[in-house]
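Next comes query-v2.cif, a file with mmCIF, C-alpha atoms.
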data_work
loop_
_atom_site.group_PDB
_atom_site.id
_atom_site.type_symbol
_atom_site.label_atom_id
_atom_site.label_comp_id
_atom_site.auth_asym_id
_atom_site.auth_seq_id
_atom_site.Cartn_x
_atom_site.Cartn_y
_atom_site.Cartn_z
ATOM 1 C CA MET A 1 -93.880 -45.432 -17.120
ATOM 2 C CA PRO A 2 -96.019 -47.073 -14.437
ATOM 3 C CA ASP A 3 -94.563 -49.716 -12.180
ATOM 4 C CA ARG A 4 -95.189 -53.390 -12.584
ATOM 5 C CA ALA A 5 -98.344 -54.689 -10.928
ATOM 6 C CA THR A 6 -98.918 -58.077 -9.348
ATOM 7 C CA LEU A 7 -102.515 -59.274 -9.434
ATOM 8 C CA TYR A 8 -103.777 -62.300 -7.525
ATOM 9 C CA ARG A 9 -107.190 -63.280 -8.892
ATOM 10 C CA MET A 10 -109.524 -66.250 -8.718
ATOM 11 C CA VAL A 11 -110.069 -68.231 -11.926
ATOM 12 C CA LEU A 12 -111.745 -71.499 -10.980
ATOM 13 C CA PRO A 13 -113.261 -73.987 -13.423
ATOM 14 C CA GLU A 14 -116.753 -73.026 -12.251
ATOM 15 C CA HIS A 15 -116.174 -69.326 -11.542
ATOM 16 C CA THR A 16 -114.014 -66.425 -12.664
ATOM 17 C CA CYS A 17 -114.097 -63.554 -10.205
ATOM 18 C CA PRO A 18 -115.528 -60.485 -11.981
ATOM 19 C CA PHE A 19 -113.615 -58.164 -9.641
ATOM 20 C CA GLY A 20 -110.366 -59.785 -10.713
ATOM 21 C CA VAL A 21 -111.303 -59.267 -14.352
ATOM 22 C CA ARG A 22 -112.121 -55.624 -13.594
ATOM 23 C CA ALA A 23 -108.830 -55.102 -11.734
ATOM 24 C CA GLN A 24 -106.933 -56.592 -14.675
ATOM 25 C CA ALA A 25 -108.737 -54.268 -17.100
ATOM 26 C CA LEU A 26 -108.034 -51.215 -14.936
ATOM 27 C CA LEU A 27 -104.346 -52.041 -14.690
ATOM 28 C CA THR A 28 -104.134 -52.601 -18.447
ATOM 29 C CA GLU A 29 -105.967 -49.327 -19.165
ATOM 30 C CA HIS A 30 -103.429 -47.483 -17.013
ATOM 31 C CA GLY A 31 -100.442 -49.044 -18.768
ATOM 32 C CA TYR A 32 -99.214 -51.392 -16.053
ATOM 33 C CA GLN A 33 -97.257 -54.523 -16.894
ATOM 34 C CA ILE A 34 -99.175 -57.205 -14.992
ATOM 35 C CA ASP A 35 -97.799 -60.270 -13.278
ATOM 36 C CA ASP A 36 -101.145 -62.084 -13.399
ATOM 37 C CA ARG A 37 -101.191 -64.708 -10.646
ATOM 38 C CA LEU A 38 -104.187 -66.925 -11.296
ATOM 39 C CA LEU A 39 -105.600 -68.740 -8.285
ATOM 40 C CA ARG A 40 -106.991 -71.926 -9.811
ATOM 41 C CA SER A 41 -108.269 -73.760 -6.738
ATOM 42 C CA ARG A 42 -110.104 -72.900 -3.539
ATOM 43 C CA GLU A 43 -106.969 -73.977 -1.669
ATOM 44 C CA GLU A 44 -104.831 -71.431 -3.551
ATOM 45 C CA VAL A 45 -107.419 -68.707 -2.900
ATOM 46 C CA GLU A 46 -107.535 -69.503 0.812
ATOM 47 C CA ALA A 47 -103.727 -69.630 1.046
ATOM 48 C CA ILE A 48 -103.369 -66.118 -0.429
ATOM 49 C CA LYS A 49 -106.136 -64.761 1.799
ATOM 50 C CA THR A 50 -104.432 -66.241 4.857
ATOM 51 C CA GLU A 51 -100.925 -65.139 3.834
ATOM 52 C CA HIS A 52 -101.984 -61.534 3.247
ATOM 53 C CA GLU A 53 -104.697 -61.388 5.939
ATOM 54 C CA VAL A 54 -107.532 -60.428 3.583
ATOM 55 C CA VAL A 55 -111.059 -61.796 3.329
ATOM 56 C CA THR A 56 -111.506 -61.507 -0.435
ATOM 57 C CA THR A 57 -109.589 -61.523 -3.691
ATOM 58 C CA PRO A 58 -108.417 -60.003 -5.981
ATOM 59 C CA LEU A 59 -105.341 -58.583 -4.353
ATOM 60 C CA VAL A 60 -103.204 -55.987 -6.144
ATOM 61 C CA PHE A 61 -99.643 -54.876 -5.520
ATOM 62 C CA ILE A 62 -97.970 -52.101 -7.486
ATOM 63 C CA GLY A 63 -94.248 -52.449 -7.157
ATOM 64 C CA ASP A 64 -93.806 -53.396 -3.503
ATOM 65 C CA ARG A 65 -96.866 -51.433 -2.382
ATOM 66 C CA ARG A 66 -99.969 -53.365 -1.386
ATOM 67 C CA ILE A 67 -102.978 -51.619 -2.917
ATOM 68 C CA GLY A 68 -105.759 -54.033 -1.936
ATOM 69 C CA GLY A 69 -108.808 -55.181 -3.847
ATOM 70 C CA CYS A 70 -110.602 -53.820 -6.897
ATOM 71 C CA ASP A 71 -112.287 -50.910 -5.076
ATOM 72 C CA ASP A 72 -108.959 -49.964 -3.494
ATOM 73 C CA LEU A 73 -107.311 -50.077 -6.921
ATOM 74 C CA GLU A 74 -109.994 -47.816 -8.401
ATOM 75 C CA ARG A 75 -109.398 -45.260 -5.622
ATOM 76 C CA PHE A 76 -105.620 -45.516 -6.034
ATOM 77 C CA LEU A 77 -105.804 -44.940 -9.791
ATOM 78 C CA ALA A 78 -108.297 -42.065 -9.413
ATOM 79 C CA ASN A 79 -105.911 -40.281 -7.040
ATOM 80 C CA GLY A 80 -103.057 -40.597 -9.527
#

When written as structure tokens, how does the structure in this file appear?
Amino acid sequence: MPDRATLYRMVLPEHTCPFGVRAQALLTEHGYQIDDRLLRSREEVEAIKTEHEVVTTPLVFIGDRRIGGCDDLERFLANG
């Protein structure tokens, strides 16, 4: 059974990040239980980016391991 995944993704009133949607779909396809952390304001997005020293979201963790963004997640899942 795969570990639990934590997904930080941007869902603003005017924009839902397509990479966050893709990361969510990938995690679901691979059987992960997702702690879906929706970032609902620019301030929340900027706070996560600052806290984790990244320039974009989404941001994925599997268990305690930081995976990264959507492209990083795709590589991680492809390498099993």

Let me make sure I understand: among A:Val11, A:Asp36, A:His30, A:Thr16, which one has the smallest atom-to-atom distance to A:Ala78 if we use only C-alpha atoms?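 The closest residue to A:Ala78 is A:His30.
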
Skipping near chain neighbours, those fewer than 2 positions away, what residues fall within 12 Å of A:Glu44 using only C-alpha atoms, listed as a list of chain:residue names? A:Tyr8, A:Arg9, A:Met10, A:Val11, A:Leu12, A:Arg37, A:Leu38, A:Leu39, A:Arg40, A:Ser41, A:Arg42, A:Glu46, A:Ala47, A:Ile48, A:Lys49, A:Thr50, A:Glu51, A:Thr57

Translate the PyMOL selection byres ((chain A and resi 58) around 8) into a concrete residue list for this structure, as a list of chain:residue names.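 This file, filtered by the PyMOL selection byres ((chain A and resi 58) around 8), leaves A:Leu7, A:Tyr8, A:Arg9, A:Met10, A:Cys17, A:Phe19, A:Gly20, A:Ala23, A:Thr56, A:Thr57, A:Leu59, A:Val60, A:Gly68, A:Gly69, A:Cys70.
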
Selection under test: the PyMOL selection byres ((chain A and resi 64) around 10); residues as number ranges by chain: A: 3-6, 61-63, 65-67

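Note that the spacing between atom CA of A:Glu29 and atom CA of A:Glu53 amounts to 27.9 Å.
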
I'd like the box whose edges run along x, y and z of the file and which contains every listed atom of stretch 10-28 of chain A, padded by 6 Å per side; could you state its centre and edge lengths in Å, one decimal, as JSON?
{"center_x": -110.4, "center_y": -62.6, "center_z": -13.6, "size_x": 24.6, "size_y": 34.8, "size_z": 21.7}

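Taking all atoms listed in the file into account, A:Arg75 lies nearest to A:Leu26 out of the set A:Leu26, A:Val45, A:Glu14, A:Val54.
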
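Atom CA of A:Arg22 sits 9.9 Å away from atom CA of A:Leu73.
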
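Taking atom CA of A:Leu27 and atom CA of A:Pro13 as endpoints, the distance between them is 23.7 Å.
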
Check the smallest atom-to-atom distance from each of A:Asp35, A:Glu43, A:Ala25, A:Pro18 to A:Glu74 using only C-alpha atoms, then report the winner.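 Closest residue, counting only C-alpha atoms: A:Ala25.
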